[in-house]
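The block underneath contains the structure these notes are about, expressed in structure tokens.
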Amino acid sequence: MIDYDLDLNDEQRQVVMETGGPLLVIAGAGSGKTRTLTYRVARLLETGCPPGGVLLATFTNKAARAMMGRVAVLMSMDVGRLWGGTFHHLAHRVLRAHARRLGYENNFVIIDADDAKQFLNRCIAAKVKNSGTRFPRGDVLRDIISYARNTDQRLEDVIPERFPYLEDFLEAMTVVAAHYGSEKKRLNVMDFDDLLLNWRRLLADHEDIRMSYAERFRHVLVDEYQDTNIVQADITDLLASCHRNIMVVGDDAQSIYAFRGANYANIMKFPDKYRDCKVFKLEVNYRSTPEILHMANLSIMNNERQFEKALRAVRPRGTPPVLVPLRNVQMQANFVSQRIIELIGDGYRPGEIAILYRAHFHAMELQMEMTRRGIPFTIRSGIRFFEQAHIKDVTSYLRVIVNPNDEMAWRRILGLCHRVGRQTAERIWLWLTERRDPLAAFLTGGIVETVTAAARPGLVKLRELLQAVRDREGDDLGAIIETILKKGYETYLQVAYPDAEQRREDLFSLAVYAARFSTTAEFLQEMALLTGSGEEEEGEPEGGDGRVIMSTIHQAKGLEWSVVFIPWCAEGMIPLGRALKDPEGEEEERRLFYVAVTRAKDQLYLCYPVVDYRRGMGYVSVRPSRFISELTPATVSHRRRPYDQWLVEEE
DNA sequence: CGCGGAGACCTTTTT
DNA sequence: GGTCTCCGCG
């Protein structure tokens with residue numbers, strides 16, 4: 001039996017002990033939100049709810065896994081039948097079983113953001129004659145279409161309101177978007193948005209399916225509810241429509257995903273939608289020192305729209321946050337690196353320290369300086385493990401074997417052949433689409449012999465590679481990946497990349513990772529949904545000192561560190577100038593600042609350079625962020641002597 | 001038709 | 001730093 005009295009405070013225990021009905025839990029930063037949710041799931045199981053009757057939707061897979069792992073430990077049981085994961089994973093699981101009801105084949109292909117971008121670029125080329133330089137490219141268009149769909153709007157509604165500078169292109173964009181939609185359908189492809197929209201459509205339009213899920217899930221729990229969009233809220237409502245045991249947990253002050261359609265109103269209006277819902281607040285903060293928490297509270301008070309809530313600290317007094325103006329960007333990088341070396345000297349492990357920034361490019365100088373000084377760090381920026389070119393290349397070989405109609409994969413591997421470019425790839429692809437079995441046709445159909453002499457050797461090698469992979473079908477996935485390397489991809493790596501060795505090692509890691517899947521199809525499906533760096537999936541080894549984490553604020557959600565540095569606390573950066581164009585932008589940026597600040601347990605450093613060099617403008621002076629200047633002076637201790645001067649003296 | 005080099009331009013946040 | 005385009009060479 002679990003001793004709830006011992007392990008939970010009064011507020012948390014109330015939430016855990018509630019038997020059912022709609023529940024809204026407003027949980028502040030560091031208030032033991034995960035702990036409460038975990039205990040509640042354990043409690044539900046303890047009081048007779050079968051594991052298969054619980055659905056737990058969280059924001060990241062990592063969070064879901066962590067939570068289910070904890071439940072397993074608490075209950076000493078296998079929670080394999082408990083449904084937990086991101087909305088996208090859960091959607092995929094449901095759609096795999098019912099895709100035919102929506103007119104898709106069950107083996108539909110999921111395309112990620114990068115594939116979607118290229119797909120859209122081709123749609124633009126097909127539908128717009130002279131797109132011109134101002135016509136949005138595939139990646140921009142993808143974001144806009146995605147935003148519209150995630151907010152249940154049409155482009156005609158979204159463009160004038162949010163992207164008025166694109167109004168000239170509205171008509172053409174609508175045509176492209178429609179073409180994109182029909183092409184996806186034709187090729188049996190879904191993007192990330194389709195997963196959610198189709199899941200909702202499945203539940204809304206097919207009563208038998210809706211009832212089978214709604215009856216099964218006696219309890220529906222949603223974490224990070226402030227970041228859900230309309231589609232996700234509808235899905236949870238539909239899933240809970242039978243038992244009405246829906247519990248949502250979130251912190252309105254930490255809503256930072258409006259840009260991709262997250263709907264602030266979901267959490268604010270939850271009590272209106274469920275009139276009988278009980279509202280709980282978790283207001284004790286166990287994470288931060290009173291000084292850090294006080295600053296966070298003062299900052300977020302500047303936002304108009306929020307639930308009344310005041311976080312109380314329980315930790316003893318510590319040191320106030322420090323504001324550090326530096327002479328320039330380089331000095332900022334020097335300061336952060338220098339201070340980290342000192343902290344490590346004081347006994348902090350690198351893994352207890354994080355650098356959090358607004359945008360990836362804010363970390364450039366820092367990254368170089370940290371490397372130069374030999375500080376171990378992990379950067380969770382930019383291209384992630386599973387999105388790197390070499391990883392996608394290798395999976396593309398597997399994709400055409402599993403699904404010979406996978407256009408994205410064919411184009412990719414054709415383009416990898418020496419002396420094969422756009423034109424040749426296009427010609428071969430057109431030829432392939434006319435065959436009943438494109439793979440067999442490619443292997444035996446003689447298309448290779450029709451291309452120019454220069455391109456032929458490359459394509460012959462590709463044919464041999466695919467033949468070899470197909471012959472090994474059913475073998476251990478790791479072995480198959482090695483075959484791909486040996487049959488020519490290794491050579492390509494050597495020629496194409498200076499860091500070929502590193503990439504080769506990545507692929508061996510991928511082979512190890514792949515070995516846990518029983519079928520290639522299963523592996524590929526997981527690859528399509530995964531983001532994040534591969535290494536982290538396994539977690540840091542406990543004994544190690546770890547590495548300093550460099551991360552965007554968005555990716556730091558839900559995490560905590562002893563010491564947090566926030567570089568670029570300057571106007572134009574936090575808040576980001578671009579984001580302020582949106583009327584809601586300032587409040588969202590302030591929430592972002594709030595999230596960053598509340599990640600810190602013991603020490604917080606807010607840095608900004610006084611001067612910056614901008615292209616075309618030369619040296620400009622930089623003002624500290626409004627999120628700092630709007631605080632009362634007593635909150636943040638100003639160093640009397642700026643650190644950059646002090647560093648100069650040291651040298 | 002492919003490819004490499006040069007140069008311009010732009011950089012928000014992500015499941 | 002990354003991505004895209006343009007251009008001249010093979």
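Residue numbering restarts at 1 in every chain; chains get A, B, ... in the order shown in the structure tokens, and ligands count up from 1 in that same order.
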Per residue of chain A within 7 Å of chain B, record the nearest atom pair and its distance in Å to one decimal, counting only C-alpha atoms (C1' of nucleotides), with rows in chain order and ascending residue number, as a tab-separated table.
residue	atom	partner	partner_atom	distance
A:His88	CA	B:DT15	C1'	6.8
A:Ala359	CA	B:DT12	C1'	5.9
A:Arg419	CA	B:DG2	C1'	5.7
A:Gly421	CA	B:DG2	C1'	6.3
A:His554	CA	B:DT13	C1'	6.4
For the residues in the current selection, export C-alpha atoms as an mmCIF file, in the first residue's frame.
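Done, and the output landed in out-v9.cif:
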data_model
loop_
_atom_site.group_PDB
_atom_site.id
_atom_site.type_symbol
_atom_site.label_atom_id
_atom_site.label_comp_id
_atom_site.auth_asym_id
_atom_site.auth_seq_id
_atom_site.Cartn_x
_atom_site.Cartn_y
_atom_site.Cartn_z
ATOM 1 C CA HIS A 88 0.755 12.197 -31.791
ATOM 2 C CA ALA A 359 16.525 31.022 -30.064
ATOM 3 C CA ARG A 419 25.937 12.026 -60.965
ATOM 4 C CA GLY A 421 20.553 15.121 -59.759
ATOM 5 C CA HIS A 554 10.969 25.739 -24.981
#
Tell me as an MDAnalysis selection string which residues belonging to chain C come within 12 Å of chain A, counting only C-alpha atoms (C1' of nucleotides). chainID C and resid 1:5 10
For the residues in that selection, give me N, CA and C atoms (P, O5', C5', C4', C3', O3' and C1' of nucleotides) as a short mmCIF file (atom, residue, chain, number, x, y, z; two decimals), in the first residue's frame.
data_model
loop_
_atom_site.label_atom_id
_atom_site.label_comp_id
_atom_site.auth_asym_id
_atom_site.auth_seq_id
_atom_site.Cartn_x
_atom_site.Cartn_y
_atom_site.Cartn_z
P DG C 1 30.85 28.60 -39.17
"O5'" DG C 1 29.56 28.65 -38.21
"C5'" DG C 1 28.89 27.58 -37.65
"C4'" DG C 1 27.46 27.52 -38.21
"C3'" DG C 1 27.34 26.73 -39.51
"O3'" DG C 1 26.31 25.77 -39.37
"C1'" DG C 1 26.32 28.86 -39.74
P DG C 2 26.23 24.49 -40.38
"O5'" DG C 2 24.78 24.62 -41.00
"C5'" DG C 2 23.69 25.13 -40.27
"C4'" DG C 2 22.67 25.68 -41.25
"C3'" DG C 2 22.59 24.85 -42.53
"O3'" DG C 2 21.23 24.51 -42.73
"C1'" DG C 2 22.89 27.16 -43.04
P DT C 3 20.82 23.50 -43.91
"O5'" DT C 3 20.19 24.48 -45.00
"C5'" DT C 3 19.26 25.47 -44.59
"C4'" DT C 3 18.91 26.34 -45.78
"C3'" DT C 3 18.77 25.55 -47.09
"O3'" DT C 3 17.59 25.97 -47.73
"C1'" DT C 3 20.27 27.32 -47.37
P DC C 4 16.97 25.11 -48.96
"O5'" DC C 4 17.10 26.15 -50.16
"C5'" DC C 4 16.51 27.44 -50.01
"C4'" DC C 4 17.21 28.40 -50.97
"C3'" DC C 4 17.28 27.86 -52.40
"O3'" DC C 4 16.41 28.61 -53.23
"C1'" DC C 4 19.33 28.87 -51.68
P DT C 5 16.23 28.17 -54.78
"O5'" DT C 5 17.19 29.20 -55.53
"C5'" DT C 5 17.20 30.58 -55.16
"C4'" DT C 5 18.28 31.30 -55.93
"C3'" DT C 5 18.35 30.91 -57.41
"O3'" DT C 5 18.45 32.09 -58.19
"C1'" DT C 5 20.47 30.61 -56.39
P DG C 10 36.87 22.80 -67.95
"O5'" DG C 10 36.18 21.38 -67.87
"C5'" DG C 10 36.20 20.64 -66.65
"C4'" DG C 10 35.24 19.49 -66.78
"C3'" DG C 10 35.47 18.61 -68.01
"O3'" DG C 10 35.57 17.26 -67.60
"C1'" DG C 10 33.20 19.26 -67.89
#
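In this structure, CA of Cys607 in chain A sits 16.3 Å away from CA of Thr319 in chain A.
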Backbone DSSP call of alpha helix (DSSP H) for range 215-375 of chain A, listed as a compact mmCIF listing (two decimals) with C-alpha atoms, in the first residue's frame:
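Saved result, states_22.txt, follows:
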# COMPACT_ATOMS: atom_id res chain seq x y z
CA GLU A 215 -16.15 3.23 -22.80
CA ARG A 216 -12.71 1.75 -22.45
CA ILE A 230 -8.40 22.99 -30.06
CA VAL A 231 -8.02 19.67 -31.83
CA GLN A 232 -6.37 18.05 -28.85
CA ALA A 233 -8.98 19.45 -26.47
CA ASP A 234 -11.75 18.08 -28.70
CA ILE A 235 -10.08 14.67 -28.77
CA THR A 236 -9.86 14.50 -24.98
CA ASP A 237 -13.48 15.62 -24.66
CA LEU A 238 -14.60 12.91 -27.07
CA LEU A 239 -12.54 10.27 -25.31
CA TYR A 264 -4.75 29.49 -24.01
CA ALA A 265 -8.53 29.42 -23.72
CA ASN A 266 -8.57 25.65 -23.25
CA ILE A 267 -7.37 25.88 -19.70
CA MET A 268 -9.03 29.22 -18.90
CA PHE A 270 -12.29 24.48 -18.80
CA PRO A 271 -14.56 25.37 -15.85
CA ASP A 272 -17.14 26.82 -18.28
CA LYS A 273 -17.13 23.69 -20.38
CA PRO A 290 12.52 32.23 -2.22
CA GLU A 291 14.62 34.84 -4.01
CA ILE A 292 14.32 33.22 -7.40
CA LEU A 293 10.63 32.47 -6.93
CA HIS A 294 9.91 36.03 -5.80
CA MET A 295 11.41 37.37 -8.98
CA ALA A 296 9.37 34.96 -11.09
CA ASN A 297 6.18 35.96 -9.28
CA LEU A 298 6.88 39.66 -9.73
CA SER A 299 7.54 39.15 -13.41
CA ILE A 300 4.43 37.17 -14.23
CA VAL A 329 28.68 39.13 -27.00
CA GLN A 330 32.14 37.67 -26.66
CA MET A 331 32.38 38.93 -23.08
CA GLN A 332 29.02 37.35 -22.37
CA ALA A 333 30.34 34.01 -23.62
CA ASN A 334 33.51 34.50 -21.59
CA PHE A 335 31.59 35.27 -18.44
CA VAL A 336 29.27 32.29 -18.67
CA SER A 337 32.11 29.88 -19.44
CA GLN A 338 34.33 31.34 -16.73
CA ARG A 339 31.59 31.21 -14.13
CA ILE A 340 30.78 27.60 -15.05
CA ILE A 341 34.41 26.63 -14.56
CA GLU A 342 34.32 28.26 -11.12
CA LEU A 343 31.07 26.49 -10.22
CA ILE A 344 32.56 23.15 -11.21
CA GLY A 345 35.56 24.07 -9.08
CA MET A 364 26.57 30.45 -31.22
CA GLU A 365 29.38 32.30 -29.47
CA LEU A 366 28.73 30.40 -26.28
CA GLN A 367 29.05 27.10 -28.04
CA MET A 368 32.42 28.07 -29.44
CA GLU A 369 33.70 29.42 -26.17
CA MET A 370 32.60 26.34 -24.23
CA THR A 371 34.34 24.14 -26.77
CA ARG A 372 37.48 26.24 -26.61
List the neighbours of Arg470 in chain A out to 12 Å using only C-alpha atoms (C1' of nucleotides); skip same-chain residues closer than 2 positions along the sequence, and give me the result as a PyMOL selection string. chain A and resi 397-404+439-440+443+463-468+472-475+477+480-481+483-484+520
Find the residues near range 26-29 of chain A: any atom within 9 Å, counting only C-alpha atoms (C1' of nucleotides), skip ones fewer than 3 places away on the same chain, and give them as a short mmCIF file (atom, residue, chain, number, x, y, z; two decimals) with N, CA and C atoms, in the first residue's frame.
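Output (result.cif):
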data_model
loop_
_atom_site.label_atom_id
_atom_site.label_comp_id
_atom_site.auth_asym_id
_atom_site.auth_seq_id
_atom_site.Cartn_x
_atom_site.Cartn_y
_atom_site.Cartn_z
N GLY A 32 5.37 19.95 -7.80
CA GLY A 32 5.17 18.51 -7.66
C GLY A 32 4.03 18.02 -8.50
N LYS A 33 3.89 18.61 -9.68
CA LYS A 33 2.80 18.27 -10.59
C LYS A 33 2.90 16.83 -11.07
N VAL A 248 -7.38 17.49 -16.12
CA VAL A 248 -6.34 18.22 -16.84
C VAL A 248 -5.47 18.98 -15.85
N VAL A 249 -4.18 18.95 -16.13
CA VAL A 249 -3.21 19.61 -15.26
C VAL A 249 -2.42 20.60 -16.08
N GLY A 250 -2.24 21.78 -15.56
CA GLY A 250 -1.44 22.72 -16.31
C GLY A 250 -1.18 23.98 -15.51
N ASP A 251 -0.35 24.82 -16.07
CA ASP A 251 -0.03 26.10 -15.45
C ASP A 251 -0.21 27.15 -16.53
N ASP A 252 -1.24 27.96 -16.37
CA ASP A 252 -1.51 28.97 -17.40
C ASP A 252 -0.34 29.92 -17.58
N ALA A 253 0.45 30.08 -16.52
CA ALA A 253 1.60 30.98 -16.61
C ALA A 253 2.71 30.39 -17.48
N GLN A 254 2.61 29.11 -17.79
CA GLN A 254 3.68 28.49 -18.57
C GLN A 254 3.23 28.11 -19.98
N ILE A 267 -7.49 26.02 -21.15
CA ILE A 267 -7.37 25.88 -19.70
C ILE A 267 -8.21 26.94 -18.98
N VAL A 279 -11.89 22.53 -9.05
CA VAL A 279 -10.64 23.21 -9.36
C VAL A 279 -9.69 23.11 -8.16
N PHE A 280 -8.50 22.67 -8.41
CA PHE A 280 -7.49 22.61 -7.36
C PHE A 280 -6.30 23.46 -7.78
N LYS A 281 -5.64 23.99 -6.77
CA LYS A 281 -4.41 24.73 -7.07
C LYS A 281 -3.26 24.14 -6.27
N LEU A 282 -2.16 23.93 -6.93
CA LEU A 282 -0.94 23.52 -6.23
C LEU A 282 -0.03 24.74 -6.22
N GLU A 283 0.12 25.31 -5.04
CA GLU A 283 0.81 26.61 -4.98
C GLU A 283 2.10 26.59 -4.17
N VAL A 284 2.48 25.43 -3.71
CA VAL A 284 3.74 25.37 -2.98
C VAL A 284 4.84 24.99 -3.96
N ASN A 285 5.89 25.76 -3.95
CA ASN A 285 7.01 25.48 -4.85
C ASN A 285 8.14 24.85 -4.06
N TYR A 286 8.53 23.66 -4.48
CA TYR A 286 9.58 22.93 -3.77
C TYR A 286 10.93 23.12 -4.43
N ARG A 287 10.95 23.76 -5.58
CA ARG A 287 12.15 23.75 -6.39
C ARG A 287 13.12 24.87 -6.04
N PHE A 307 -4.95 32.94 -14.13
CA PHE A 307 -5.59 32.53 -12.89
C PHE A 307 -4.85 33.19 -11.74
N LYS A 309 -2.96 33.30 -8.58
CA LYS A 309 -2.16 32.22 -8.03
C LYS A 309 -0.87 32.82 -7.51
N ALA A 310 -0.49 32.47 -6.29
CA ALA A 310 0.77 32.97 -5.76
C ALA A 310 1.58 31.80 -5.22
N LEU A 311 2.68 31.54 -5.86
CA LEU A 311 3.50 30.41 -5.44
C LEU A 311 4.24 30.75 -4.15
N GLY A 558 9.54 21.68 -18.01
CA GLY A 558 9.42 20.55 -17.10
C GLY A 558 10.71 20.10 -16.43
N VAL A 595 9.13 30.77 -17.49
CA VAL A 595 9.53 29.36 -17.54
C VAL A 595 11.04 29.25 -17.32
N THR A 598 12.05 29.95 -13.65
CA THR A 598 11.61 28.95 -12.67
C THR A 598 12.26 27.58 -12.88
N ARG A 599 13.17 27.47 -13.83
CA ARG A 599 13.93 26.21 -13.96
C ARG A 599 15.04 26.14 -12.92
#
To one decimal in Å, tell me the separation between CA of Pro320 in chain A and CA of Glu560 in chain A.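 Computing it gives 17.4 Å between the two atoms.
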Among range 372-558 of chain A, which residues carry a DSSP assignment of strand (DSSP E), reported as a list of chain:residue names?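 Here is the list: A:Phe377, A:Thr378, A:Ile379, A:Arg380, A:Val548, A:Ile549, A:Met550, A:Ser551, A:Thr552.
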Selection above as a file: C-alpha atoms, as a PDB file, in the first residue's frame:
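Below is the file that was written, part-v7.pdb:
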ATOM      1  CA  PHE A 377      28.255  20.258 -22.763  1.00  0.00           C
ATOM      2  CA  THR A 378      25.301  18.835 -24.621  1.00  0.00           C
ATOM      3  CA  ILE A 379      23.565  21.122 -27.031  1.00  0.00           C
ATOM      4  CA  ARG A 380      19.898  20.444 -27.570  1.00  0.00           C
ATOM      5  CA  VAL A 548      26.237  21.321 -19.037  1.00  0.00           C
ATOM      6  CA  ILE A 549      22.936  21.532 -20.893  1.00  0.00           C
ATOM      7  CA  MET A 550      22.505  24.189 -23.561  1.00  0.00           C
ATOM      8  CA  SER A 551      18.898  24.375 -24.614  1.00  0.00           C
ATOM      9  CA  THR A 552      16.134  26.605 -25.844  1.00  0.00           C
TER      10      THR A 552
END
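For the pair CA of Leu37 in chain A and CA of Thr228 in chain A, the interatomic distance is 17.3 Å.
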Distance query range 110-122 of chain A at most 8 Å, only C-alpha atoms (C1' of nucleotides), self and fewer than 5 positions along chain excluded, as a short mmCIF file (atom, residue, chain, number, x, y, z; two decimals) with C-alpha atoms, in the first residue's frame:
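Once written, around_38.cif looks like this:
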data_model
loop_
_atom_site.label_atom_id
_atom_site.label_comp_id
_atom_site.auth_asym_id
_atom_site.auth_seq_id
_atom_site.Cartn_x
_atom_site.Cartn_y
_atom_site.Cartn_z
CA ARG A 137 9.09 28.84 -49.16
CA GLY A 138 8.04 25.36 -48.10
CA ASP A 139 9.07 25.66 -44.46
CA LEU A 141 4.21 27.77 -45.75
CA ARG A 142 4.17 24.60 -43.70
CA VAL A 176 -0.82 25.10 -53.12
CA TYR A 180 -0.60 19.52 -50.86
CA VAL A 189 0.83 10.09 -46.40
CA MET A 190 0.02 11.97 -43.19
CA ASP A 191 1.88 14.87 -41.66
CA PHE A 192 1.89 15.62 -37.94
CA MET A 408 10.07 11.02 -50.37
CA GLN A 525 6.99 4.21 -37.70
CA ALA A 528 8.82 9.09 -38.07
CA LEU A 529 7.39 10.24 -34.76
#
